[in-house]
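J.: What follows is data21.json; its format and atoms are JSON, C-alpha atoms and all ligand atoms.
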[["chain", "number", "residue", "atom", "x", "y", "z"],
["S", 78, "MET", "CA", -17.10, -12.49, 8.40],
["S", 79, "THR", "CA", -14.19, -10.57, 9.99],
["S", 80, "ALA", "CA", -15.01, -7.18, 11.53],
["S", 81, "LYS", "CA", -13.53, -4.11, 9.82],
["S", 82, "PRO", "CA", -10.63, -2.75, 11.91],
["S", 83, "VAL", "CA", -11.48, 0.46, 13.79],
["S", 84, "ASN", "CA", -10.09, 3.63, 12.22],
["S", 85, "LEU", "CA", -11.66, 6.89, 13.41],
["S", 86, "TRP", "CA", -9.46, 9.18, 11.31],
["S", 87, "THR", "CA", -12.06, 10.02, 8.68],
["S", 88, "SER", "CA", -14.10, 11.75, 11.43],
["S", 89, "ASN", "CA", -13.73, 15.53, 11.38],
["S", 90, "GLU", "CA", -13.87, 15.68, 15.20],
["S", 91, "HIS", "CA", -11.09, 13.09, 15.57],
["S", 92, "ALA", "CA", -8.82, 14.93, 13.13],
["S", 93, "ARG", "CA", -9.51, 18.34, 14.73],
["S", 94, "ASP", "CA", -8.87, 17.00, 18.21],
["S", 95, "TYR", "CA", -5.44, 15.74, 17.07],
["S", 96, "LEU", "CA", -4.53, 18.97, 15.28],
["S", 97, "GLU", "CA", -5.30, 20.97, 18.43],
["S", 98, "ARG", "CA", -2.89, 18.92, 20.54],
["S", 99, "ALA", "CA", -0.30, 18.01, 17.88],
["S", 100, "ASP", "CA", 2.22, 20.62, 19.03],
["S", 101, "SER", "CA", 2.04, 19.53, 22.65],
["S", 102, "ILE", "CA", 2.96, 15.84, 22.16],
["S", 103, "SER", "CA", 6.00, 15.27, 24.39],
["S", 104, "HIS", "CA", 9.35, 14.97, 22.66],
["S", 105, "ARG", "CA", 7.94, 14.96, 19.11],
["S", 106, "GLY", "CA", 10.23, 17.84, 18.10],
["S", 107, "GLU", "CA", 13.24, 15.68, 18.97],
["S", 108, "GLY", "CA", 11.93, 12.85, 16.78],
["S", 109, "GLU", "CA", 11.23, 15.22, 13.91],
["S", 110, "ALA", "CA", 14.72, 16.75, 14.21],
["S", 111, "ALA", "CA", 16.25, 13.26, 14.17],
["S", 112, "LEU", "CA", 14.24, 12.37, 11.04],
["S", 113, "LEU", "CA", 15.52, 15.48, 9.24],
["S", 114, "GLU", "CA", 19.10, 14.24, 9.70],
["S", 115, "PHE", "CA", 18.41, 11.15, 7.60],
["S", 116, "ILE", "CA", 17.01, 12.88, 4.51],
["S", 117, "PRO", "CA", 19.77, 12.69, 1.85],
["S", 118, "PRO", "CA", 21.02, 16.12, 0.70],
["S", 119, "SER", "CA", 20.44, 15.07, -2.94],
["S", 120, "THR", "CA", 16.72, 14.37, -2.37],
["S", 121, "GLY", "CA", 14.57, 15.37, -5.32],
["S", 122, "ARG", "CA", 11.18, 13.69, -4.64],
["S", 123, "ILE", "CA", 9.53, 13.02, -1.30],
["S", 124, "LEU", "CA", 6.44, 10.96, -0.40],
["S", 125, "ASP", "CA", 4.67, 11.64, 2.92],
["S", 126, "LEU", "CA", 2.29, 8.87, 3.98],
["S", 127, "GLY", "CA", -0.56, 9.84, 6.33],
["S", 128, "THR", "CA", 0.50, 13.46, 5.98],
["S", 129, "GLY", "CA", -2.27, 14.96, 8.14],
["S", 130, "ASP", "CA", -2.02, 18.73, 7.75],
["S", 131, "GLY", "CA", 1.43, 18.33, 6.16],
["S", 132, "ARG", "CA", 3.37, 19.25, 9.28],
["S", 133, "LEU", "CA", 6.28, 16.83, 8.75],
["S", 134, "LEU", "CA", 6.42, 17.43, 5.00],
["S", 135, "ALA", "CA", 6.64, 21.19, 5.60],
["S", 136, "LEU", "CA", 9.59, 20.66, 7.95],
["S", 137, "VAL", "CA", 11.39, 18.45, 5.45],
["S", 138, "ARG", "CA", 10.71, 20.84, 2.56],
["S", 139, "HIS", "CA", 11.93, 23.75, 4.64],
["S", 140, "ALA", "CA", 15.28, 21.92, 4.89],
["S", 141, "HIS", "CA", 15.10, 20.75, 1.24],
["S", 142, "PRO", "CA", 13.25, 23.53, -0.60],
["S", 143, "ASP", "CA", 14.05, 22.37, -4.15],
["S", 144, "THR", "CA", 12.04, 19.18, -3.85],
["S", 145, "GLU", "CA", 8.83, 17.85, -5.33],
["S", 146, "ALA", "CA", 6.48, 16.06, -2.99],
["S", 147, "VAL", "CA", 3.41, 13.87, -2.85],
["S", 148, "ALA", "CA", 1.29, 13.95, 0.32],
["S", 149, "VAL", "CA", -1.14, 11.07, 0.95],
["S", 150, "ASP", "CA", -4.02, 10.90, 3.44],
["S", 151, "PHE", "CA", -7.65, 9.76, 3.52],
["S", 152, "SER", "CA", -9.20, 12.11, 6.07],
["S", 153, "PRO", "CA", -11.31, 14.83, 4.38],
["S", 154, "THR", "CA", -10.40, 17.27, 7.19],
["S", 155, "MET", "CA", -6.67, 16.57, 6.86],
["S", 156, "LEU", "CA", -6.85, 16.76, 3.08],
["S", 157, "ASP", "CA", -8.46, 20.22, 3.35],
["S", 158, "GLU", "CA", -5.74, 21.33, 5.78],
["S", 159, "VAL", "CA", -2.81, 20.00, 3.75],
["S", 160, "ARG", "CA", -4.22, 21.51, 0.55],
["S", 161, "ARG", "CA", -4.53, 24.83, 2.37],
["S", 162, "ARG", "CA", -0.96, 24.60, 3.71],
["S", 163, "PHE", "CA", 0.55, 23.93, 0.28],
["S", 164, "ALA", "CA", -1.81, 26.12, -1.78],
["S", 165, "GLY", "CA", 0.31, 27.99, -4.30],
["S", 166, "GLU", "CA", 3.09, 25.37, -4.16],
["S", 167, "PRO", "CA", 2.69, 23.41, -7.39],
["S", 168, "SER", "CA", 5.61, 21.17, -6.43],
["S", 169, "VAL", "CA", 3.41, 19.52, -3.77],
["S", 170, "ARG", "CA", 0.68, 17.14, -4.96],
["S", 171, "VAL", "CA", -1.97, 15.97, -2.51],
["S", 172, "VAL", "CA", -3.44, 12.51, -3.10],
["S", 173, "ALA", "CA", -6.55, 11.17, -1.34],
["S", 174, "HIS", "CA", -5.96, 7.49, -0.67],
["S", 175, "ASN", "CA", -6.83, 4.92, 1.99],
["S", 176, "MET", "CA", -3.55, 3.16, 2.84],
["S", 177, "ASP", "CA", -5.48, 0.02, 3.76],
["S", 178, "GLU", "CA", -5.33, -0.45, -0.01],
["S", 179, "SER", "CA", -2.16, -0.72, -2.14],
["S", 180, "LEU", "CA", -0.67, 2.64, -3.06],
["S", 181, "PRO", "CA", -1.61, 4.01, -6.47],
["S", 182, "ALA", "CA", 1.08, 4.74, -9.10],
["S", 183, "LEU", "CA", 2.97, 7.74, -7.70],
["S", 184, "GLY", "CA", 6.37, 7.50, -9.39],
["S", 185, "LYS", "CA", 9.72, 7.00, -7.66],
["S", 186, "PHE", "CA", 11.06, 8.81, -4.58],
["S", 187, "ASP", "CA", 14.34, 9.61, -2.85],
["S", 188, "ALA", "CA", 12.68, 9.80, 0.57],
["S", 189, "VAL", "CA", 9.49, 8.25, 1.87],
["S", 190, "ILE", "CA", 8.53, 9.81, 5.20],
["S", 191, "SER", "CA", 5.68, 9.26, 7.63],
["S", 192, "SER", "CA", 4.85, 10.35, 11.14],
["S", 193, "PHE", "CA", 2.44, 8.70, 13.55],
["S", 194, "ALA", "CA", 0.29, 7.27, 10.75],
["S", 195, "ILE", "CA", 1.18, 3.71, 9.74],
["S", 196, "HIS", "CA", 0.27, 2.31, 13.17],
["S", 197, "HIS", "CA", -3.37, 2.82, 12.16],
["S", 198, "LEU", "CA", -3.06, -0.04, 9.66],
["S", 199, "VAL", "CA", -3.38, -3.71, 10.63],
["S", 200, "HIS", "CA", -0.01, -5.44, 11.02],
["S", 201, "GLU", "CA", -0.27, -7.44, 7.79],
["S", 202, "ARG", "CA", -0.94, -4.24, 5.84],
["S", 203, "LYS", "CA", 1.94, -2.42, 7.59],
["S", 204, "ARG", "CA", 4.34, -5.05, 6.29],
["S", 205, "ALA", "CA", 2.86, -5.00, 2.79],
["S", 206, "LEU", "CA", 3.10, -1.19, 2.76],
["S", 207, "TYR", "CA", 6.77, -1.34, 3.81],
["S", 208, "ALA", "CA", 7.42, -3.61, 0.80],
["S", 209, "GLU", "CA", 5.56, -1.19, -1.50],
["S", 210, "ILE", "CA", 7.67, 1.67, -0.12],
["S", 211, "TYR", "CA", 10.87, -0.27, -0.89],
["S", 212, "GLY", "CA", 9.66, -0.64, -4.47],
["S", 213, "LEU", "CA", 9.02, 3.12, -4.73],
["S", 214, "LEU", "CA", 12.52, 4.16, -3.65],
["S", 215, "ASN", "CA", 15.29, 5.16, -6.02],
["S", 216, "PRO", "CA", 18.72, 3.62, -5.27],
["S", 217, "GLY", "CA", 20.10, 5.36, -2.17],
["S", 218, "GLY", "CA", 16.59, 6.45, -1.17],
["S", 219, "VAL", "CA", 15.47, 6.35, 2.45],
["S", 220, "PHE", "CA", 12.35, 5.39, 4.39],
["S", 221, "CYS", "CA", 12.01, 7.37, 7.62],
["S", 222, "ASN", "CA", 9.04, 6.41, 9.77],
["S", 223, "LEU", "CA", 8.56, 8.45, 12.95],
["S", 224, "GLU", "CA", 6.09, 6.07, 14.52],
["S", 225, "HIS", "CA", 3.97, 5.25, 17.53],
["S", 226, "VAL", "CA", 5.17, 1.79, 18.57],
["S", 227, "ALA", "CA", 4.19, -0.70, 21.27],
["S", 228, "SER", "CA", 5.58, -0.61, 24.81],
["S", 229, "VAL", "CA", 7.15, -3.75, 26.25],
["S", 230, "SER", "CA", 4.60, -3.95, 29.09],
["S", 231, "PRO", "CA", 1.08, -2.77, 29.95],
["S", 232, "ARG", "CA", 2.58, -0.71, 32.79],
["S", 233, "LEU", "CA", 4.86, 1.22, 30.43],
["S", 234, "HIS", "CA", 1.99, 1.63, 27.97],
["S", 235, "GLN", "CA", -0.12, 3.19, 30.72],
["S", 236, "GLU", "CA", 2.74, 5.50, 31.72],
["S", 237, "PHE", "CA", 3.21, 6.61, 28.12],
["S", 238, "LEU", "CA", -0.49, 7.38, 27.77],
["S", 239, "GLU", "CA", -0.44, 9.41, 30.98],
["S", 240, "ASN", "CA", 2.53, 11.35, 29.61],
["S", 241, "ILE", "CA", 0.54, 12.40, 26.55],
["S", 242, "GLY", "CA", -2.70, 13.06, 28.45],
["S", 243, "PHE", "CA", -4.60, 9.80, 27.84],
["S", 244, "THR", "CA", -5.63, 6.67, 29.73],
["S", 245, "VAL", "CA", -6.21, 3.11, 28.51],
["S", 246, "GLU", "CA", -9.91, 4.02, 28.43],
["S", 247, "THR", "CA", -9.46, 7.17, 26.32],
["S", 248, "GLU", "CA", -6.62, 6.12, 24.01],
["S", 249, "ASP", "CA", -7.36, 6.12, 20.28],
["S", 250, "PRO", "CA", -9.07, 2.81, 19.39],
["S", 251, "SER", "CA", -7.63, 3.25, 15.87],
["S", 252, "ASN", "CA", -4.12, 2.46, 17.19],
["S", 253, "LYS", "CA", -2.67, -0.93, 16.21],
["S", 254, "LEU", "CA", 0.68, -0.70, 17.95],
["S", 255, "LEU", "CA", 3.56, -3.02, 17.09],
["S", 256, "ASP", "CA", 7.00, -3.39, 18.68],
["S", 257, "VAL", "CA", 10.13, -1.90, 17.15],
["S", 258, "GLU", "CA", 12.02, -5.19, 16.72],
["S", 259, "THR", "CA", 9.34, -6.81, 14.54],
["S", 260, "GLN", "CA", 9.20, -3.76, 12.29],
["S", 261, "LEU", "CA", 13.00, -3.50, 11.95],
["S", 262, "GLY", "CA", 13.07, -7.24, 11.13],
["S", 263, "TRP", "CA", 10.48, -6.75, 8.37],
["S", 264, "LEU", "CA", 12.46, -3.88, 6.85],
["S", 265, "ARG", "CA", 15.59, -6.07, 6.72],
["S", 266, "GLU", "CA", 13.67, -9.02, 5.22],
["S", 267, "ILE", "CA", 12.23, -6.74, 2.54],
["S", 268, "GLY", "CA", 15.75, -5.72, 1.51],
["S", 269, "PHE", "CA", 16.32, -2.37, 3.20],
["S", 270, "GLY", "CA", 19.88, -1.71, 4.37],
["S", 271, "GLU", "CA", 21.10, 0.45, 7.27],
["S", 272, "VAL", "CA", 17.94, -0.47, 9.15],
["S", 273, "ASP", "CA", 17.85, 0.99, 12.63],
["S", 274, "CYS", "CA", 15.83, 2.74, 15.27],
["S", 275, "HIS", "CA", 17.71, 6.05, 15.35],
["S", 276, "TRP", "CA", 15.69, 7.76, 18.08],
["S", 277, "LYS", "CA", 13.18, 6.65, 20.68],
["S", 278, "TRP", "CA", 11.27, 8.09, 23.59],
["S", 279, "ARG", "CA", 8.89, 5.57, 25.18],
["S", 280, "GLU", "CA", 6.35, 4.72, 22.41],
["S", 281, "LEU", "CA", 7.65, 7.24, 19.87],
["S", 282, "ALA", "CA", 10.41, 5.91, 17.60],
["S", 283, "LEU", "CA", 12.21, 6.78, 14.40],
["S", 284, "LEU", "CA", 12.55, 3.64, 12.27],
["S", 285, "ALA", "CA", 14.58, 3.98, 9.11],
["S", 286, "GLY", "CA", 16.11, 2.03, 6.26],
["S", 287, "ARG", "CA", 17.84, 2.74, 2.97],
["S", 288, "ARG", "CA", 17.59, 1.16, -0.44],
["S", 289, "ALA", "CA", 21.13, 0.27, -1.58],
["T", 301, "LIG", "C1", -1.73, 11.06, 14.18],
["T", 301, "LIG", "S1", -2.12, 11.72, 12.59],
["T", 301, "LIG", "C2", -0.50, 12.22, 12.03],
["T", 301, "LIG", "C3", -0.57, 13.24, 10.94],
["T", 301, "LIG", "C4", 0.77, 13.81, 10.50],
["T", 301, "LIG", "N1", 1.60, 12.82, 9.86],
["T", 301, "LIG", "C5", 1.50, 14.42, 11.68],
["T", 301, "LIG", "O1", 2.58, 13.94, 12.05],
["T", 301, "LIG", "O2", 0.98, 15.37, 12.27],
["T", 301, "LIG", "C6", -2.43, 10.24, 11.67],
["T", 301, "LIG", "C7", -2.71, 10.51, 10.20],
["T", 301, "LIG", "O3", -2.79, 9.27, 9.50],
["T", 301, "LIG", "C8", -3.90, 9.31, 8.63],
["T", 301, "LIG", "N2", -4.38, 7.96, 8.40],
["T", 301, "LIG", "C9", -4.77, 7.04, 9.32],
["T", 301, "LIG", "N3", -5.18, 5.92, 8.70],
["T", 301, "LIG", "C10", -5.05, 6.13, 7.37],
["T", 301, "LIG", "C11", -5.34, 5.33, 6.22],
["T", 301, "LIG", "N4", -5.84, 4.10, 6.34],
["T", 301, "LIG", "N5", -5.09, 5.86, 5.00],
["T", 301, "LIG", "C12", -4.59, 7.12, 4.87],
["T", 301, "LIG", "N6", -4.32, 7.92, 5.93],
["T", 301, "LIG", "C13", -4.53, 7.41, 7.16],
["T", 301, "LIG", "C14", -4.92, 10.16, 9.38],
["T", 301, "LIG", "O4", -5.93, 10.66, 8.54],
["T", 301, "LIG", "C15", -4.03, 11.23, 9.98],
["T", 301, "LIG", "O5", -3.86, 12.31, 9.11]]
Would it be possible to restate this file's structure as structure tokens?
Ligand SMILES: C[S@@+](CC[C@H](N)C(=O)[O-])C[C@H]1O[C@@H](n2cnc3c(N)ncnc32)[C@H](O)[C@@H]1O
T.:
Amino acid sequence: MTAKPVNLWTSNEHARDYLERADSISHRGEGEAALLEFIPPSTGRILDLGTGDGRLLALVRHAHPDTEAVAVDFSPTMLDEVRRRFAGEPSVRVVAHNMDESLPALGKFDAVISSFAIHHLVHERKRALYAEIYGLLNPGGVFCNLEHVASVSPRLHQEFLENIGFTVETEDPSNKLLDVETQLGWLREIGFGEVDCHWKWRELALLAGRRA
């Protein structure tokens, strides 16, 4: 029997600890600003995968106010927070779902966004999810994944962790980091066009692709 992969994100303490330090993660504002540039002006529907407290979705909706959105997460704490953030905004629907499983029927989207979430899935599931995302996009729709990716060496991994206040002993055991090249290759194989890493600082990267 294979052991279940570690994922601590359904713990209230784990989610709260992240929310307290979310604003202080080095360079994240640059990555978020880069992601905003790739959301098409004509976007009508947005899907945010692993939305947390809805931070990224709020930024994107601030730039694109006339949009409908679906926000997906499985952490009870995060679901409470995102529901609180978008209370009174009927154009945002919050869906509780474990992304280890195939996405439920959610309709079609012009932009699928995600930040620092998909690296909590095992590699095989990451790739399968990328293919599901392709299937959910309208023609011209984009997938923008601001992601935590693998370093090219243990030394650089250690340096990155130090930069964000962790060590190899204290880093999140839920992380299943994968290099940029493999993920860009998968997106191309799946059929995405204009696949690129548009921004990167150490282990934080913006991976994106567009459905023709
Ligand atoms: C580092 S937080 C990022 C949250 C938010 N996107 C942000 O940028 O602040 C990772 C998020 O992914 C969610 N997550 C991790 N594994 C998940 C899974 N298997 N299914 C659904 N959500 C998951 C966590 O609950 C958490 O909200």
J.: Go through S:Met176, S:Ile195, S:Leu85, S:Val189 and flag the residue nearest ligand LIG 301 (chain T), using only C-alpha atoms and all ligand atoms for the distances.
T.: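 Of the candidates, the smallest distance to ligand LIG 301 (chain T) is held by S:Met176.
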J.: Mind listing whatever residues come within 12 Å of the point (24.5, 5.6, -3.5)? Use all atoms listed in the file, file coordinates, and give them as a PDB file with C-alpha atoms, in the frame of the given file.
T.:
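Written output follows (selection05.pdb):
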ATOM      1  CA  PRO S 117      19.770  12.690   1.850  1.00  0.00           C
ATOM      2  CA  PRO S 118      21.020  16.120   0.700  1.00  0.00           C
ATOM      3  CA  SER S 119      20.440  15.070  -2.940  1.00  0.00           C
ATOM      4  CA  THR S 120      16.720  14.370  -2.370  1.00  0.00           C
ATOM      5  CA  ASP S 187      14.340   9.610  -2.850  1.00  0.00           C
ATOM      6  CA  ASN S 215      15.290   5.160  -6.020  1.00  0.00           C
ATOM      7  CA  PRO S 216      18.720   3.620  -5.270  1.00  0.00           C
ATOM      8  CA  GLY S 217      20.100   5.360  -2.170  1.00  0.00           C
ATOM      9  CA  GLY S 218      16.590   6.450  -1.170  1.00  0.00           C
ATOM     10  CA  VAL S 219      15.470   6.350   2.450  1.00  0.00           C
ATOM     11  CA  GLY S 270      19.880  -1.710   4.370  1.00  0.00           C
ATOM     12  CA  ARG S 287      17.840   2.740   2.970  1.00  0.00           C
ATOM     13  CA  ARG S 288      17.590   1.160  -0.440  1.00  0.00           C
ATOM     14  CA  ALA S 289      21.130   0.270  -1.580  1.00  0.00           C
TER      15      ALA S 289
END
J.: Name the residues, by chain letter and number, that sit within 9 Å of ligand LIG 301 (chain T) using only C-alpha atoms and all ligand atoms, and give them as a PyMOL selection string.
T.: chain S and resi 84-88+92+95-96+99-100+105+109+125-134+149-156+173-178+190-198+223-225+251
J.: Closest to Glu145 in chain S among S:Glu239, S:Asp256, S:Glu280, S:Glu166, using only C-alpha atoms?
T.: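 Closest to Glu145 in chain S, using only C-alpha atoms: S:Glu166.
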J.: Which polymer residues have any atom within 10 Å of an atom of range 228-230 of chain S, counting only C-alpha atoms, with same-chain residues fewer than 3 positions away left out, as a list in words?
T.: His225, Leu233, His234, Gln235, Glu236, Phe237, Leu254, Leu255, Asp256, Val257, Arg279, Glu280 and Leu281 of chain S
J.: Between CA of Ala148 in chain S and CA of Lys203 in chain S, what is the distance, to one decimal in Å?
T.: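 Taking CA of Ala148 in chain S and CA of Lys203 in chain S, their separation equals 17.9 Å.
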J.: Rounded to one decimal place, report the CA of Trp276 in chain S-CA of Val169 in chain S distance in Å.
T.: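 We find that CA of Trp276 in chain S and CA of Val169 in chain S lie 27.7 Å from each other.
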J.: In Å, rounded to a single decimal, give me how far CA of Val147 in chain S is from CA of Tyr207 in chain S.
T.: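 About the pair CA of Tyr207 in chain S and CA of Val147 in chain S: they are 16.9 Å apart.
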J.: Find the spatial neighbours of Leu283 in chain S, counting all atoms listed in the file, within a cut-off of 7 Å - ignore same-chain residues fewer than 6 positions away - and output them as number ranges by chain.
T.: S: 108, 112, 221-224, 274-277
J.: Write a file of the selected residues as a PDB file, in the frame of the given file, keeping C-alpha atoms.
T.:
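Contents of the output file part_7.pdb:
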ATOM      1  CA  GLY S 108      11.930  12.850  16.780  1.00  0.00           C
ATOM      2  CA  LEU S 112      14.240  12.370  11.040  1.00  0.00           C
ATOM      3  CA  CYS S 221      12.010   7.370   7.620  1.00  0.00           C
ATOM      4  CA  ASN S 222       9.040   6.410   9.770  1.00  0.00           C
ATOM      5  CA  LEU S 223       8.560   8.450  12.950  1.00  0.00           C
ATOM      6  CA  GLU S 224       6.090   6.070  14.520  1.00  0.00           C
ATOM      7  CA  CYS S 274      15.830   2.740  15.270  1.00  0.00           C
ATOM      8  CA  HIS S 275      17.710   6.050  15.350  1.00  0.00           C
ATOM      9  CA  TRP S 276      15.690   7.760  18.080  1.00  0.00           C
ATOM     10  CA  LYS S 277      13.180   6.650  20.680  1.00  0.00           C
TER      11      LYS S 277
END
J.: Check the smallest atom-to-atom distance from each of S:Val226, S:Ala205, S:Asp273, S:Glu90 to Asn252 in chain S using only C-alpha atoms, then report the winner.
T.: S:Val226
J.: Would you mind listing what lies within 12 Å of Ile267 in chain S as a ChimeraX atom specification, with all atoms listed in the file counted and same-chain residues fewer than 6 positions away left out?
T.: /S:204-212,260-261,286-288
